[in-house]
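To be precise, the following lines are protein.cif, and they hold mmCIF, C-alpha atoms and all ligand atoms.
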```
data_input
#
loop_
_atom_site.label_atom_id
_atom_site.label_comp_id
_atom_site.auth_asym_id
_atom_site.auth_seq_id
_atom_site.Cartn_x
_atom_site.Cartn_y
_atom_site.Cartn_z
CA MET X 1 43.33 76.05 122.32
CA GLU X 2 45.41 75.50 119.17
CA ILE X 3 43.92 75.28 115.67
CA LEU X 4 45.82 73.89 112.67
CA TYR X 5 44.27 74.26 109.23
CA ASN X 6 44.61 71.65 106.44
CA GLU X 7 46.58 69.51 108.85
CA PRO X 8 47.95 66.16 107.47
CA LEU X 9 46.49 63.47 109.72
CA LYS X 10 49.49 61.22 109.04
CA LEU X 11 51.29 63.40 111.59
CA HIS X 12 48.79 62.25 114.23
CA THR X 13 48.41 58.50 113.56
CA THR X 14 50.78 55.74 114.64
CA PHE X 15 50.38 54.16 111.15
CA ARG X 16 51.83 57.44 109.79
CA VAL X 17 49.19 57.60 107.04
CA GLY X 18 46.18 59.81 106.43
CA GLY X 19 45.38 62.88 104.33
CA GLU X 20 44.39 66.33 105.53
CA CYS X 21 41.49 67.45 107.67
CA LYS X 22 39.94 70.92 107.41
CA ARG X 23 41.02 71.90 110.92
CA PHE X 24 42.73 70.06 113.76
CA ILE X 25 42.00 71.46 117.20
CA PHE X 26 43.85 70.73 120.45
CA ALA X 27 41.73 71.82 123.40
CA ASP X 28 41.14 71.16 127.07
CA CYS X 29 37.88 69.44 128.05
CA GLU X 30 35.86 72.61 128.59
CA GLU X 31 36.83 74.26 125.30
CA GLY X 32 36.63 70.89 123.53
CA CYS X 33 33.00 70.42 124.64
CA GLY X 34 32.26 73.84 123.13
CA VAL X 35 33.85 72.80 119.82
CA ILE X 36 31.86 69.54 119.75
CA ARG X 37 28.53 71.25 120.54
CA ASP X 38 29.26 73.85 117.88
CA CYS X 39 30.09 71.23 115.20
CA ARG X 40 26.98 69.25 116.09
CA GLU X 41 24.77 72.35 115.91
CA ARG X 42 26.18 73.31 112.52
CA GLU X 43 26.07 69.66 111.39
CA GLU X 44 29.73 69.92 110.43
CA PRO X 45 31.65 66.61 110.09
CA PHE X 46 33.55 66.04 113.29
CA PHE X 47 35.89 63.35 114.62
CA LEU X 48 37.63 62.89 117.96
CA PHE X 49 41.25 61.73 117.98
CA GLY X 50 43.08 60.27 120.94
CA LYS X 51 46.66 59.36 119.99
CA GLY X 52 45.56 57.93 116.64
CA SER X 53 46.96 54.53 117.65
CA ASN X 54 43.94 52.51 116.55
CA LEU X 55 43.07 54.39 113.38
CA LEU X 56 43.52 53.91 109.64
CA VAL X 57 42.80 57.30 108.07
CA SER X 58 42.14 57.54 104.33
CA ASP X 59 44.70 59.18 102.04
CA ARG X 60 41.85 61.52 101.08
CA GLY X 61 41.71 62.70 104.68
CA PHE X 62 38.64 63.91 106.53
CA PRO X 63 36.49 66.82 105.32
CA GLY X 64 35.78 68.38 108.71
CA THR X 65 37.03 69.16 112.20
CA VAL X 66 39.24 66.83 114.20
CA LEU X 67 39.52 67.45 117.93
CA SER X 68 42.09 66.08 120.32
CA PHE X 69 41.85 66.67 124.07
CA LEU X 70 44.98 68.01 125.70
CA PRO X 71 46.50 65.83 128.43
CA LYS X 72 46.22 66.83 132.08
CA ASP X 73 48.05 65.53 135.15
CA PRO X 74 46.07 62.76 136.88
CA VAL X 75 44.55 63.70 140.25
CA LEU X 76 44.66 61.50 143.33
CA LEU X 77 41.11 61.58 144.77
CA ASP X 78 41.82 59.57 147.91
CA ARG X 79 44.32 56.89 148.84
CA ASP X 80 43.55 54.53 145.94
CA ARG X 81 41.37 56.38 143.40
CA LEU X 82 42.71 58.35 140.48
CA ARG X 83 40.95 60.78 138.12
CA VAL X 84 42.48 60.62 134.64
CA SER X 85 41.38 63.02 131.92
CA ALA X 86 40.46 61.69 128.46
CA GLY X 87 43.49 63.17 126.68
CA THR X 88 46.03 61.73 129.12
CA THR X 89 48.00 58.75 127.86
CA LEU X 90 47.78 55.38 129.59
CA ALA X 91 51.58 55.53 129.95
CA ALA X 92 51.36 58.82 131.88
CA ALA X 93 48.48 57.53 134.03
CA ALA X 94 50.33 54.27 134.80
CA SER X 95 53.52 56.11 135.60
CA PHE X 96 51.70 58.53 137.95
CA ALA X 97 50.00 55.55 139.63
CA ALA X 98 53.34 53.77 140.07
CA ASP X 99 54.88 56.90 141.65
CA HIS X 100 52.03 56.84 144.19
CA GLY X 101 52.32 53.10 144.88
CA LEU X 102 49.05 52.33 143.09
CA SER X 103 48.69 49.06 141.21
CA GLY X 104 46.23 48.16 138.41
CA LEU X 105 47.62 49.90 135.32
CA GLU X 106 50.84 47.90 134.88
CA CYS X 107 49.47 45.82 131.97
CA LEU X 108 47.98 48.88 130.22
CA HIS X 109 51.15 50.97 130.53
CA GLY X 110 52.56 49.90 127.12
CA ILE X 111 49.37 50.62 125.13
CA PRO X 112 50.15 53.82 123.20
CA GLY X 113 46.70 55.43 123.49
CA THR X 114 44.77 57.88 125.67
CA MET X 115 42.25 57.23 128.43
CA GLY X 116 39.49 58.21 125.96
CA GLY X 117 40.63 55.81 123.24
CA ALA X 118 41.18 53.05 125.80
CA ALA X 119 37.66 53.44 127.22
CA VAL X 120 36.06 53.17 123.76
CA MET X 121 37.97 49.95 123.10
CA ASN X 122 38.12 48.55 126.61
CA ALA X 123 41.82 48.32 125.80
CA GLY X 124 43.63 45.40 127.35
CA ALA X 125 46.82 43.41 127.44
CA TYR X 126 48.46 40.57 129.37
CA GLY X 127 45.19 39.41 130.92
CA SER X 128 44.02 42.80 132.13
CA GLU X 129 41.50 45.24 130.62
CA LEU X 130 40.51 48.81 131.41
CA LYS X 131 37.20 47.54 132.76
CA ASP X 132 39.08 45.93 135.69
CA VAL X 133 39.90 49.36 137.15
CA PHE X 134 37.25 51.66 135.66
CA ALA X 135 34.99 52.98 138.46
CA GLU X 136 33.07 55.76 136.70
CA GLY X 137 33.39 58.24 133.86
CA GLU X 138 32.34 61.77 133.07
CA VAL X 139 30.90 62.02 129.57
CA LEU X 140 29.49 64.54 127.14
CA THR X 141 26.28 62.97 125.85
CA LYS X 142 25.01 63.29 122.27
CA GLU X 143 22.39 65.71 123.64
CA GLY X 144 25.26 67.92 124.81
CA GLU X 145 24.89 67.30 128.56
CA ILE X 146 27.72 66.41 130.92
CA ARG X 147 26.95 63.48 133.19
CA VAL X 148 28.63 60.81 135.27
CA ILE X 149 28.18 57.21 134.14
CA SER X 150 28.93 54.07 136.08
CA ALA X 151 31.12 51.16 135.04
CA GLU X 152 27.91 49.12 134.48
CA GLU X 153 26.57 51.71 132.05
CA MET X 154 29.86 51.54 130.15
CA ASP X 155 28.86 47.93 129.39
CA PHE X 156 32.44 46.82 128.74
CA SER X 157 33.14 43.67 126.76
CA TYR X 158 36.01 42.45 124.56
CA ARG X 159 37.39 45.60 122.82
CA SER X 160 34.06 47.36 123.18
CA SER X 161 32.06 49.69 125.43
CA SER X 162 28.82 51.64 125.22
CA LEU X 163 30.63 54.93 124.46
CA GLU X 164 30.54 54.54 120.68
CA ARG X 165 27.01 53.06 120.51
CA GLU X 166 25.59 55.83 122.71
CA GLU X 167 27.71 58.51 121.00
CA ASN X 168 29.05 59.56 124.39
CA ILE X 169 32.40 61.29 124.61
CA LEU X 170 34.55 60.48 127.60
CA LEU X 171 35.91 63.55 129.40
CA SER X 172 37.56 61.81 132.35
CA ALA X 173 37.57 58.52 134.23
CA VAL X 174 37.91 57.59 137.88
CA LEU X 175 40.06 54.48 138.30
CA GLN X 176 39.93 52.23 141.33
CA LEU X 177 43.47 51.04 142.02
CA GLU X 178 45.17 49.09 144.79
CA LYS X 179 47.95 50.10 147.16
CA LYS X 180 51.16 48.16 146.47
CA ASP X 181 54.94 48.54 146.72
CA ALA X 182 56.06 51.07 144.06
CA VAL X 183 59.21 49.04 143.29
CA LEU X 184 57.14 45.92 142.50
CA ILE X 185 54.83 47.97 140.25
CA ARG X 186 57.79 49.46 138.33
CA ASP X 187 59.41 46.02 138.01
CA ARG X 188 56.24 44.55 136.49
CA MET X 189 55.98 47.46 134.06
CA LYS X 190 59.60 46.96 132.98
CA GLU X 191 59.07 43.21 132.52
CA LEU X 192 55.98 43.76 130.33
CA SER X 193 57.73 46.47 128.27
CA ALA X 194 60.55 44.02 127.54
CA ARG X 195 57.98 41.39 126.48
CA ARG X 196 56.36 43.87 124.08
CA ARG X 197 59.71 44.87 122.57
CA GLU X 198 60.61 41.22 122.08
CA LYS X 199 57.30 40.09 120.49
CA GLN X 200 55.94 43.17 118.71
CA PRO X 201 57.30 45.17 115.76
CA LEU X 202 57.52 48.40 117.78
CA GLU X 203 60.28 49.73 115.51
CA LEU X 204 57.79 50.20 112.62
CA PRO X 205 54.60 52.29 112.35
CA SER X 206 51.44 50.26 112.99
CA ALA X 207 48.14 50.43 114.84
CA GLY X 208 48.87 47.40 117.02
CA SER X 209 46.84 44.24 116.40
CA THR X 210 45.02 44.79 113.12
CA PHE X 211 42.28 42.25 113.78
CA ARG X 212 40.06 41.30 116.70
CA ARG X 213 40.73 37.90 118.26
CA PRO X 214 38.21 35.49 116.71
CA GLU X 215 36.59 33.30 119.34
CA GLY X 216 38.60 30.12 119.82
CA TYR X 217 41.52 31.27 117.64
CA PHE X 218 44.45 33.69 117.51
CA ALA X 219 44.46 36.06 114.53
CA GLY X 220 48.28 35.99 114.21
CA LYS X 221 48.37 32.18 114.05
CA LEU X 222 45.60 32.01 111.43
CA ILE X 223 47.42 34.61 109.31
CA GLU X 224 50.68 32.68 109.59
CA GLU X 225 48.94 29.40 108.68
CA ALA X 226 47.43 31.15 105.64
CA GLY X 227 51.00 31.83 104.47
CA MET X 228 50.61 35.59 104.80
CA LYS X 229 53.46 36.36 107.21
CA GLY X 230 55.73 38.89 105.47
CA PHE X 231 53.29 39.36 102.57
CA SER X 232 53.31 42.94 101.33
CA ILE X 233 51.39 45.37 99.14
CA GLY X 234 53.41 48.50 98.31
CA GLY X 235 54.92 49.78 101.56
CA ALA X 236 52.53 47.81 103.80
CA ALA X 237 53.43 44.35 105.08
CA VAL X 238 52.25 41.66 107.45
CA SER X 239 54.92 41.86 110.15
CA GLU X 240 57.57 39.13 110.11
CA LYS X 241 57.86 39.50 113.88
CA HIS X 242 54.14 39.23 114.71
CA ALA X 243 51.67 38.28 111.96
CA GLY X 244 48.82 39.95 113.86
CA PHE X 245 50.36 43.35 113.06
CA ILE X 246 50.27 45.09 109.70
CA VAL X 247 53.18 47.52 109.52
CA ASN X 248 54.03 50.53 107.40
CA TYR X 249 57.59 49.50 106.53
CA ASN X 250 58.20 51.81 103.58
CA ASN X 251 56.04 54.92 103.17
CA ALA X 252 52.83 52.96 102.67
CA THR X 253 49.62 54.71 101.70
CA ALA X 254 46.39 54.10 103.61
CA GLU X 255 45.05 52.49 100.43
CA GLU X 256 47.89 49.92 100.44
CA ILE X 257 47.26 49.10 104.09
CA TYR X 258 43.54 48.77 103.38
CA ARG X 259 44.15 46.46 100.40
CA LEU X 260 46.48 44.33 102.52
CA ILE X 261 43.85 44.06 105.28
CA CYS X 262 41.29 42.85 102.70
CA LYS X 263 43.80 40.38 101.20
CA VAL X 264 44.62 38.91 104.64
CA GLN X 265 40.91 38.55 105.45
CA GLU X 266 40.34 36.81 102.10
CA GLU X 267 43.25 34.37 102.52
CA VAL X 268 42.42 33.51 106.14
CA TYR X 269 38.81 32.85 105.20
CA ARG X 270 39.89 30.72 102.23
CA THR X 271 42.30 28.60 104.29
CA SER X 272 40.45 28.34 107.62
CA GLY X 273 36.84 29.46 107.10
CA VAL X 274 37.32 32.07 109.86
CA THR X 275 36.26 35.68 109.25
CA LEU X 276 38.75 38.16 110.70
CA LYS X 277 37.13 41.39 111.86
CA CYS X 278 39.13 44.59 111.95
CA GLU X 279 40.10 45.97 115.33
CA VAL X 280 41.56 49.09 113.71
CA LYS X 281 38.96 51.78 113.02
CA MET X 282 38.75 53.36 109.57
CA LEU X 283 38.22 57.06 109.06
CA GLY X 284 37.38 58.60 105.69
CA GLU X 285 36.73 57.01 102.29
CA PHE X 286 38.28 53.70 101.20
C1 LIG U 1 52.35 49.39 118.95
C2 LIG U 1 50.91 49.31 119.39
C3 LIG U 1 50.54 48.41 120.38
C4 LIG U 1 49.21 48.32 120.81
N1 LIG U 1 48.90 47.42 121.79
C5 LIG U 1 47.61 47.35 122.22
C6 LIG U 1 47.26 46.44 123.26
O1 LIG U 1 48.09 45.71 123.82
N2 LIG U 1 45.96 46.40 123.65
C7 LIG U 1 44.99 47.19 123.08
O2 LIG U 1 43.82 47.11 123.48
N3 LIG U 1 45.30 48.05 122.09
C8 LIG U 1 46.58 48.16 121.65
N4 LIG U 1 46.89 49.04 120.66
C9 LIG U 1 45.83 49.81 120.00
C10 LIG U 1 45.55 51.21 120.60
O3 LIG U 1 46.70 51.74 121.21
C11 LIG U 1 44.41 51.17 121.61
O4 LIG U 1 43.22 50.72 121.00
C12 LIG U 1 44.15 52.54 122.25
O5 LIG U 1 43.22 52.37 123.29
C13 LIG U 1 43.64 53.60 121.28
O6 LIG U 1 43.70 54.86 121.92
P1 LIG U 1 43.90 56.23 121.14
O7 LIG U 1 43.88 57.32 122.15
O8 LIG U 1 45.08 56.19 120.28
O9 LIG U 1 42.57 56.29 120.28
P2 LIG U 1 42.41 56.65 118.71
O10 LIG U 1 43.09 55.62 117.91
O11 LIG U 1 42.84 58.07 118.50
O12 LIG U 1 40.86 56.56 118.57
C14 LIG U 1 40.21 55.31 118.62
C15 LIG U 1 38.70 55.53 118.75
O13 LIG U 1 38.43 56.09 120.03
C16 LIG U 1 37.62 57.27 119.87
N5 LIG U 1 37.95 58.18 120.99
C17 LIG U 1 39.15 58.70 121.32
N6 LIG U 1 39.04 59.45 122.44
C18 LIG U 1 37.73 59.40 122.81
C19 LIG U 1 36.97 59.97 123.88
N7 LIG U 1 37.52 60.78 124.78
N8 LIG U 1 35.64 59.69 123.96
C20 LIG U 1 35.03 58.92 123.03
N9 LIG U 1 35.69 58.36 121.99
C21 LIG U 1 37.03 58.59 121.89
C22 LIG U 1 38.02 57.81 118.52
O14 LIG U 1 37.01 58.70 118.01
C23 LIG U 1 38.14 56.52 117.73
O15 LIG U 1 36.88 56.07 117.31
C24 LIG U 1 48.22 49.16 120.22
C25 LIG U 1 48.59 50.07 119.23
C26 LIG U 1 49.92 50.16 118.83
C27 LIG U 1 50.32 51.17 117.77
#
```

Show me, as structure tokens, the structure contained in the file I just sent.
Amino acid sequence: MEILYNEPLKLHTTFRVGGECKRFIFADCEEGCGVIRDCREREEPFFLFGKGSNLLVSDRGFPGTVLSFLPKDPVLLDRDRLRVSAGTTLAAAASFAADHGLSGLECLHGIPGTMGGAAVMNAGAYGSELKDVFAEGEVLTKEGEIRVISAEEMDFSYRSSSLEREENILLSAVLQLEKKDAVLIRDRMKELSARRREKQPLELPSAGSTFRRPEGYFAGKLIEEAGMKGFSIGGAAVSEKHAGFIVNYNNATAEEIYRLICKVQEEVYRTSGVTLKCEVKMLGEF
């Protein structure tokens, strides 16, 4: 276990913003569960980080403990089932699966988060979502018990699962994959990586798509039609490459990103009548 005091959270978010937390702890699942139970008992503010790739953390930081689970090598349970721990990245899980000729994670490979963060969000891309392969999960419940929950209990839907509602913390997931030629799996991963590089502003800090897809529309298109592509506040801008992304192009503060999010929502509503909801989660005071 590693403990960092007064740690700047901007070092742990893909937006590269966020003030300090009281202590930042890296721990394996067992020690991490101890930390969580302890914080809950003492009613100390506590937050779980994955890779910080879907978070906007306030410049004022977070007045408590932040925990991040350490990654672990995935484990092959039988010929086509994989156990992936919560702190392991989707990229590492997909790569391990490819090495073992297991298909199902190709579309999720380029999402820069952990298994834990992906399960909360039912992360998805290119027509595939985590729910397609999720068989069961081991969770720490809000009562402090460890139990196995089924895919049905996860109640996956678009960018949502029961984890957050039930205050369950994912410790690991069992994924049901499919045997396939490893070369074909790798080829598909390469093709999708190239598509991401071409369409998304991966060269600048961001948290991916800022807004949820409104039913019947595409957020990026609505933002473009509202004339907001390239619009900036301080060091934060609506990406020129993909209007669905807000990027930190020049040492933006969290406050500037937040103000830009509000401005985009306002302009899209004014021009189209559609309310854009944030996909990115906020932590701290804004
Ligand atoms: C360049 C870029 C591209 C992206 N592309 C996509 C994409 O194609 N599709 C997509 O869906 N997303 C995409 N994202 C967004 C993001 O990567 C995903 O939402 C990802 O699943 C978040 O995982 P994380 O580990 O970073 O979680 P974090 O951002 O660290 O945390 C997100 C939430 O999950 C909670 N959490 C984390 N771990 C656990 C756990 N073990 N148990 C319970 N709760 C937990 C946190 O408390 C927080 O509320 C992209 C982001 C970037 C920067």

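Compared by their closest atoms to Ala118 of chain X, and using only C-alpha atoms, the residues X:Arg16, X:Arg60, X:Lys180, X:Lys51 rank with X:Lys51 nearest.
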
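The coordinates place atom CA of Leu82 of chain X at 21.9 Å from atom CA of Gly32 of chain X.
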
TODO: Return as a ChimeraX atom specification every polymer residue, whether protein, DNA or RNA, with at least one atom no more than 8 Å from an atom of ligand LIG 1 (chain U); count only C-alpha atoms and all ligand atoms.
DONE: /X:13-15,47-55,68-69,86-87,89,108,110-126,129,139,159,163-164,167-172,200-202,205-209,280-281

Open item on the list: From the options X:Glu225, X:Glu2, X:Asp73, X:Asp99, which residue's atoms come nearest to Glu31 of chain X, counting all atoms listed in the file?
Closed with: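 Smallest separation from Glu31 of chain X among the options: X:Glu2.
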
In the coordinate frame of the file, compute which residues have an atom within 12 Å of (48.9, 42.8, 141.1) when using all atoms listed in the file, and state them as a compact mmCIF listing (two decimals) with C-alpha atoms, in the frame of the given file.
```txt
# COMPACT_ATOMS: atom_id res chain seq x y z
CA ALA X 98 53.34 53.77 140.07
CA GLY X 101 52.32 53.10 144.88
CA LEU X 102 49.05 52.33 143.09
CA SER X 103 48.69 49.06 141.21
CA GLY X 104 46.23 48.16 138.41
CA LEU X 105 47.62 49.90 135.32
CA GLU X 106 50.84 47.90 134.88
CA CYS X 107 49.47 45.82 131.97
CA TYR X 126 48.46 40.57 129.37
CA GLY X 127 45.19 39.41 130.92
CA SER X 128 44.02 42.80 132.13
CA ASP X 132 39.08 45.93 135.69
CA VAL X 133 39.90 49.36 137.15
CA LEU X 177 43.47 51.04 142.02
CA GLU X 178 45.17 49.09 144.79
CA LYS X 179 47.95 50.10 147.16
CA LYS X 180 51.16 48.16 146.47
CA ASP X 181 54.94 48.54 146.72
CA ALA X 182 56.06 51.07 144.06
CA LEU X 184 57.14 45.92 142.50
CA ILE X 185 54.83 47.97 140.25
CA ARG X 186 57.79 49.46 138.33
CA ASP X 187 59.41 46.02 138.01
CA ARG X 188 56.24 44.55 136.49
CA MET X 189 55.98 47.46 134.06
```

Task: Best match for closeness to Leu130 of chain X among X:Glu7, X:Glu255, X:Asp155, X:Asp78, counting only C-alpha atoms - done: X:Asp155

Task: Separation of atom CA of Ala236 of chain X from atom CA of Gly220 of chain X in Å - done: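 So the two atoms, atom CA of Gly220 of chain X and atom CA of Ala236 of chain X, lie 16.3 Å apart.
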
- [ ] Quick one: everything within 8 Å of Lys72 of chain X, counting only C-alpha atoms, minus sequence neighbours fewer than 6 positions away in the same chain. Send it as a list in words.
- [x] Val84, Ser85, Gly87 and Thr88 of chain X

Output, as JSON, the centre and edge lengths in Å (one decimal) of the axis-aligned box that contains all listed atoms of segment 128-147 of chain X with 8 Å of margin on each side.
```
{"center_x": 33.2, "center_y": 55.4, "center_z": 130.4, "size_x": 37.6, "size_y": 41.1, "size_z": 32.2}
```

TODO: Using only C-alpha atoms, find the one residue out of X:Leu276, X:Leu283, X:Ala91, X:Leu77 that sits nearest to Arg212 of chain X.
DONE: X:Leu276

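The space separating atom CA of Leu140 of chain X from atom CA of His100 of chain X comes to 29.3 Å.
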
Task: Residue contacts of Ala252 of chain X (8 Å, all atoms listed in the file) excluding same-chain residues fewer than 6 positions away, as a ChimeraX atom specification - done: /X:17,234-236

Task: Non-local contacts of Glu224 of chain X (12 Å; only C-alpha atoms; under 3 positions in same chain excluded) as a PyMOL selection string - done: chain X and resi 218-221+227-231+238-245+264+267-268+271-272
